[in-house]
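Single-structure report; data block below.
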Amino acid sequence: MIIPHKHGIILEQTDLSFEVRGTLNPAVIQHGNSIHLFYRAVSHDNYSTIGYCNLINPLRVDSRLEIPLLFPQHEYESHGVEDPRIVYIDDQFYLTYTAYNGVNAMGALATSTDLSRFEKHGIIVPQVTYDEFKHLAGCRGDLNEKYARYNDKSNLMTRPDKSVLVWDKNLLFFPRRVNGKLYFLHRIKPDIQIASVENLSELNKDFWDNYLLQLTDNIVLSPVHEHEVSYIGGGCPPIETPQGWLLIYHGVFDTTKGYVYTACAALLDLENPGKEIARLPYPLFKPAQDWELKGEVNNVCFPTGTALIEDTLFIYYGAADSRIACASVQLSELINELLLHKK
């Protein structure tokens, strides 16, 4: 059994108004001589922007911006930009995030060549109501009832000025093309889905309508074990290893005190990333320390980024939706453990 080492909190909120309520869920990338963190910063009125800092080593902040790097500029993100992830593909950085407009939370994309100026490309996941989703995804037969439980918000949320859409979050790209295609994960609860395109321009309504018609073929991971029985979602961008793509994701289970978010691990096929090879039957780590058990949302370990130093994999995660913490594990040991639990 793998037991990661928890290093504790590495970044907390400050008195600056844009991050006074919390810093969490960072995108992480190694570039140049630094580890760069693009983190969700929460203001006193619960609006999120993306702050930035870099690390002098995996556990120590070197410098930190005093203003947000990315912030709401368009209607689709008018109430916040949240939970970024980042990879480097084809000589540019792909930063994905959740765009929240007060009603809908959807996966969006921004790109950069220098990590300081980003071009926003808008929402790239399907934008459908639950009724539209049900008609498309249910054409082969009955959907898993959890899709209705988690996504049919028509009776809970009404806004005459905005359509209530199926939330599609946890958008993250694989860090290179696979067989010439861009692959990415996204999440419509309760499963993790996978998509691929040669060019981003393909991600139009026709693409997504046809994709949803074949939704069951596009599910890469579904909840299996007790610690992820409620739902799962993408976490850190996949890490390429000779044995497969290592995916650190989050699993959620319900208790009488609410949901508990855990860090989980799986292995996907290198040439066919939609194929699961192995999965840990237990959480990689779960809330246990005070900084994970108590915060804006209790009982949360939410992994979103990694840094690999030789054989040590540092996993950065949001702790109790309030602060950023880090855990580490030997990559080779984790892969060997996963291979003991092949699908």
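Going by the structure tokens order, chains are called A, B, ..., each with residues numbered from 1, while ligands are numbered from 1 in the order shown.
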Legend entry - Asn299 (chain A) environment, 10 Å, only C-alpha atoms, sequence neighbours closer than 5 positions dropped, as a VMD selection string: chain A and resid 257 to 262 286 to 294 319 to 321
Inset, instruction - Quick one: pick out all strand (DSSP E) residues within region 61-175 of chain A from a backbone DSSP run and write them as a PyMOL selection string. - result: chain A and resi 61-64+80-89+92-100+105-112+119-123+169-173
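Secondary structure from DSSP on the backbone puts helix (DSSP H, G or I) at the following positions of region 285-333 of chain A: Asp290, Trp291, Glu292, Leu293, Leu331, Ser332 and Glu333 of chain A.
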Inset, instruction - Would you please work out which residue, of A:Phe18, A:Phe253, A:Tyr97, A:Trp245, is nearest to Tyr183 (chain A) when using only C-alpha atoms? - result: A:Trp245
Inset, instruction - Tell me which protein, DNA and RNA residues are within 7 Å of Thr49 (chain A), counting only C-alpha atoms, leaving out same-chain ones fewer than 5 positions away, and put them as a ChimeraX atom specification. - result: /A:40-42,68,70-71,80-82
Residues as selected, N, CA and C atoms, written as a short mmCIF file (atom, residue, chain, number, x, y, z; two decimals), in the first residue's frame, can you do that?
data_model
loop_
_atom_site.label_atom_id
_atom_site.label_comp_id
_atom_site.auth_asym_id
_atom_site.auth_seq_id
_atom_site.Cartn_x
_atom_site.Cartn_y
_atom_site.Cartn_z
N ARG A 40 -6.42 29.31 -7.72
CA ARG A 40 -7.71 29.96 -7.53
C ARG A 40 -7.64 30.83 -6.28
N ALA A 41 -7.97 32.09 -6.44
CA ALA A 41 -7.99 33.04 -5.33
C ALA A 41 -9.42 33.51 -5.12
N VAL A 42 -9.88 33.49 -3.88
CA VAL A 42 -11.28 33.80 -3.59
C VAL A 42 -11.36 35.09 -2.77
N PRO A 68 -4.46 39.70 -9.42
CA PRO A 68 -4.78 38.48 -10.17
C PRO A 68 -4.12 38.50 -11.54
N LEU A 70 -5.38 36.24 -14.03
CA LEU A 70 -6.57 36.11 -14.85
C LEU A 70 -7.79 36.44 -14.00
N PHE A 71 -8.77 37.07 -14.63
CA PHE A 71 -9.94 37.54 -13.90
C PHE A 71 -11.13 37.57 -14.85
N GLY A 80 -16.75 34.38 -11.84
CA GLY A 80 -15.51 33.79 -11.36
C GLY A 80 -14.80 32.91 -12.37
N VAL A 81 -13.47 32.89 -12.28
CA VAL A 81 -12.62 31.93 -12.99
C VAL A 81 -12.00 31.04 -11.92
N GLU A 82 -12.16 29.74 -12.06
CA GLU A 82 -11.88 28.82 -10.95
C GLU A 82 -11.05 27.62 -11.41
#
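Of note, CA of Pro223 (chain A) and CA of Asn151 (chain A) are spaced 16.3 Å apart.
Distance-wise, CA of Asn104 (chain A) and CA of Ser163 (chain A) end up 8.4 Å apart.
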